[in-house]
$ cat final.cif   # mmCIF, C-alpha atoms
data_input
#
loop_
_atom_site.label_atom_id
_atom_site.label_comp_id
_atom_site.auth_asym_id
_atom_site.auth_seq_id
_atom_site.Cartn_x
_atom_site.Cartn_y
_atom_site.Cartn_z
CA VAL W 35 7.57 58.44 -28.14
CA VAL W 36 4.23 56.76 -28.65
CA VAL W 37 2.26 55.32 -25.73
CA SER W 38 -0.25 52.50 -26.13
CA GLY W 39 -2.51 50.36 -23.98
CA GLY W 40 -3.18 46.74 -24.71
CA ALA W 41 -5.40 43.73 -24.24
CA ASP W 42 -2.58 42.24 -22.14
CA SER W 43 -3.30 44.81 -19.35
CA THR W 44 -0.09 46.74 -20.00
CA VAL W 45 0.92 50.21 -21.08
CA ARG W 46 3.83 50.36 -23.51
CA VAL W 47 6.11 53.18 -24.59
CA TRP W 48 7.49 52.99 -28.14
CA ASP W 49 10.39 54.75 -29.83
CA LEU W 50 8.85 56.70 -32.69
CA ALA W 51 11.96 56.49 -34.88
CA THR W 52 12.79 52.80 -34.45
CA ARG W 53 9.26 51.53 -33.71
CA ASP W 54 10.73 49.41 -30.90
CA PRO W 55 9.42 49.23 -27.33
CA VAL W 56 11.25 51.39 -24.80
CA ASP W 57 12.05 49.26 -21.73
CA ASP W 58 9.52 46.96 -20.09
CA PRO W 59 5.76 47.56 -20.20
CA PHE W 60 4.01 49.27 -17.29
CA THR W 61 2.02 46.72 -15.31
CA GLY W 62 -0.71 47.15 -12.71
CA HIS W 63 -4.02 47.07 -14.53
CA THR W 64 -6.00 43.84 -14.18
CA GLY W 65 -7.90 44.15 -17.45
CA ARG W 66 -7.51 45.52 -20.96
CA VAL W 67 -6.15 49.09 -21.10
CA GLU W 68 -8.70 51.08 -23.10
CA ALA W 69 -7.37 54.66 -22.94
CA VAL W 70 -4.06 56.47 -22.48
CA ALA W 71 -2.95 60.10 -22.29
CA VAL W 72 0.39 61.82 -21.79
CA ALA W 73 0.72 64.86 -19.57
CA GLU W 74 3.10 66.79 -17.37
CA LEU W 75 2.90 66.67 -13.59
CA GLY W 76 5.20 68.84 -11.54
CA GLY W 77 7.44 69.39 -14.56
CA ARG W 78 7.88 65.70 -15.34
CA PRO W 79 6.16 63.68 -18.08
CA VAL W 80 3.60 61.12 -16.98
CA VAL W 81 1.28 58.62 -18.63
CA VAL W 82 -2.34 58.29 -17.55
CA SER W 83 -4.15 55.03 -18.33
CA GLY W 84 -7.63 53.62 -17.82
CA GLY W 85 -9.24 50.33 -18.60
CA GLN W 86 -11.54 47.41 -18.02
CA ASP W 87 -10.55 47.17 -14.36
CA ARG W 88 -12.47 50.48 -13.83
CA THR W 89 -9.35 52.30 -12.64
CA VAL W 90 -7.30 55.26 -13.81
CA ARG W 91 -3.58 55.06 -13.11
CA VAL W 92 -0.69 57.52 -13.41
CA TRP W 93 2.86 56.43 -14.31
CA GLU W 94 6.24 58.13 -14.55
CA LEU W 95 6.97 58.12 -18.29
CA ALA W 96 10.73 57.73 -17.81
CA THR W 97 10.61 54.78 -15.40
CA GLY W 98 7.15 53.20 -15.56
CA ASP W 99 6.79 53.63 -11.80
CA PRO W 100 3.27 54.33 -10.54
CA VAL W 101 2.55 57.81 -9.21
CA GLY W 102 0.32 57.15 -6.21
CA GLY W 103 -2.45 54.59 -6.14
CA PRO W 104 -5.17 54.07 -8.73
CA PHE W 105 -8.17 56.36 -9.05
CA THR W 106 -11.37 54.38 -8.48
CA GLY W 107 -15.04 55.23 -8.72
CA HIS W 108 -16.21 54.21 -12.16
CA GLY W 109 -18.66 51.33 -12.19
CA ALA W 110 -17.61 50.08 -15.62
CA TRP W 111 -14.71 50.22 -18.09
CA VAL W 112 -12.85 53.51 -18.44
CA ARG W 113 -12.97 54.19 -22.17
CA ALA W 114 -11.76 57.79 -22.52
CA LEU W 115 -9.24 60.03 -20.76
CA ALA W 116 -8.23 63.65 -20.93
CA VAL W 117 -5.79 65.68 -18.87
CA ALA W 118 -6.32 69.36 -18.17
CA GLU W 119 -5.61 72.09 -15.68
CA LEU W 120 -8.33 73.43 -13.40
CA GLY W 121 -7.59 76.35 -11.11
CA GLY W 122 -3.86 75.80 -11.60
CA ARG W 123 -4.09 72.12 -10.61
CA PRO W 124 -3.68 69.16 -12.98
CA VAL W 125 -6.80 67.02 -13.31
CA VAL W 126 -7.69 63.81 -15.10
CA VAL W 127 -11.11 63.37 -16.67
CA GLY W 128 -12.32 59.81 -17.27
CA GLY W 129 -15.29 58.66 -19.31
CA SER W 130 -16.79 55.26 -18.66
CA TRP W 131 -19.29 52.72 -19.96
CA ASP W 132 -21.20 53.45 -16.72
CA SER W 133 -22.38 56.67 -18.43
CA THR W 134 -20.39 58.94 -16.10
CA VAL W 135 -17.57 61.39 -16.53
CA ARG W 136 -15.38 61.83 -13.45
#
$ encode --input "final.cif" --output "structure tokens"
Amino acid sequence: VVVSGGADSTVRVWDLATRDPVDDPFTGHTGRVEAVAVAELGGRPVVVSGGQDRTVRVWELATGDPVGGPFTGHGAWVRALAVAELGGRPVVVGGSWDSTVR
């Protein structure tokens, strides 16, 4: 699959072979989605997204359901995301136009 974020505030999952969308888009952002990443959380695939609404969100890849509430704290658009493991725990790193990395 391919995951993308759009100007329509959605995250979409695409079938790589057919180039068609897989199910409905993930909705919840209130501005353009600027960054996406795919990771594994507790053995299940998730999508992490960030955007103009200054939030970072986590979604179940298979269903599009949100995993918890949004991460907040950036004062401007979230433009970059990375997922890593720190001390055995999954973490998300967000870079923003507010000149911070969280």
$ closest_residue --input "final.cif" --among "W:Leu95, W:Ala110, W:Ala116, W:Val67" --to "Pro79 of chain W" --atoms "all atoms listed in the file"
W:Leu95
$ axis_aligned_box --input "final.cif" --around "segment 41-51 of chain W" --padding-each-side "8 Å" --output "AutoDock Vina command-line options"
--center_x 3.3 --center_y 49.5 --center_z -27.1 --size_x 33.4 --size_y 30.5 --size_z 31.5
$ residues_near_point --input "final.cif" --point "(-13.8, 55.7, -23.2)" --cutoff "6 Å" --atoms "only C-alpha atoms" --output "JSON list (two decimals) with C-alpha atoms, keeping the file's coordinate frame"
[["chain", "number", "residue", "atom", "x", "y", "z"],
["W", 112, "VAL", "CA", -12.85, 53.51, -18.44],
["W", 113, "ARG", "CA", -12.97, 54.19, -22.17],
["W", 114, "ALA", "CA", -11.76, 57.79, -22.52],
["W", 129, "GLY", "CA", -15.29, 58.66, -19.31],
["W", 130, "SER", "CA", -16.79, 55.26, -18.66]]
$ closest_residue --input "final.cif" --among "W:Val56, W:Gly103, W:Asp132, W:Val37" --to "Val81 of chain W" --atoms "all atoms listed in the file"
W:Val37
$ atom_distance --input "final.cif" --atom1 "atom CA of His108 of chain W" --atom2 "atom CA of Gly122 of chain W"
24.9 Å
$ resolve_selection --input "final.cif" --expression "the PyMOL selection byres ((chain W and resi 118) around 12)" --output "list in words"
Ala71, Val72, Ala73, Glu74, Leu75, Val82, Leu115, Ala116, Val117, Glu119, Leu120, Gly121, Gly122, Arg123, Pro124, Val125, Val126, Val127 and Gly128 of chain W
$ write_last_selection --input "final.cif" --atoms "C-alpha atoms" --output "short mmCIF file (atom, residue, chain, number, x, y, z; two decimals), in the frame of the given file"
data_model
loop_
_atom_site.label_atom_id
_atom_site.label_comp_id
_atom_site.auth_asym_id
_atom_site.auth_seq_id
_atom_site.Cartn_x
_atom_site.Cartn_y
_atom_site.Cartn_z
CA ALA W 71 -2.95 60.10 -22.29
CA VAL W 72 0.39 61.82 -21.79
CA ALA W 73 0.72 64.86 -19.57
CA GLU W 74 3.10 66.79 -17.37
CA LEU W 75 2.90 66.67 -13.59
CA VAL W 82 -2.34 58.29 -17.55
CA LEU W 115 -9.24 60.03 -20.76
CA ALA W 116 -8.23 63.65 -20.93
CA VAL W 117 -5.79 65.68 -18.87
CA GLU W 119 -5.61 72.09 -15.68
CA LEU W 120 -8.33 73.43 -13.40
CA GLY W 121 -7.59 76.35 -11.11
CA GLY W 122 -3.86 75.80 -11.60
CA ARG W 123 -4.09 72.12 -10.61
CA PRO W 124 -3.68 69.16 -12.98
CA VAL W 125 -6.80 67.02 -13.31
CA VAL W 126 -7.69 63.81 -15.10
CA VAL W 127 -11.11 63.37 -16.67
CA GLY W 128 -12.32 59.81 -17.27
#
$ resolve_selection --input "final.cif" --expression "the PyMOL selection byres ((chain W and resi 98) around 9)" --output "count of residues only"
15
$ closest_residue --input "final.cif" --among "W:Thr134, W:Trp111, W:Gly76, W:Val101" --to "Thr89 of chain W" --atoms "all atoms listed in the file"
W:Trp111
$ resolve_selection --input "final.cif" --expression "the PyMOL selection byres ((chain W and resi 104) around 7)" --output "NGL selection string"
:W and (89-91 or 102-103 or 105-106)
$ atom_distance --input "final.cif" --atom1 "atom CA of His63 of chain W" --atom2 "atom CA of Gln86 of chain W"
8.3 Å
$ closest_residue --input "final.cif" --among "W:Arg78, W:Ala41, W:Val92, W:Arg136" --to "Gly109 of chain W" --atoms "all atoms listed in the file"
W:Arg136
$ atom_distance --input "final.cif" --atom1 "atom CA of Glu68 of chain W" --atom2 "atom CA of Gly85 of chain W"
4.6 Å
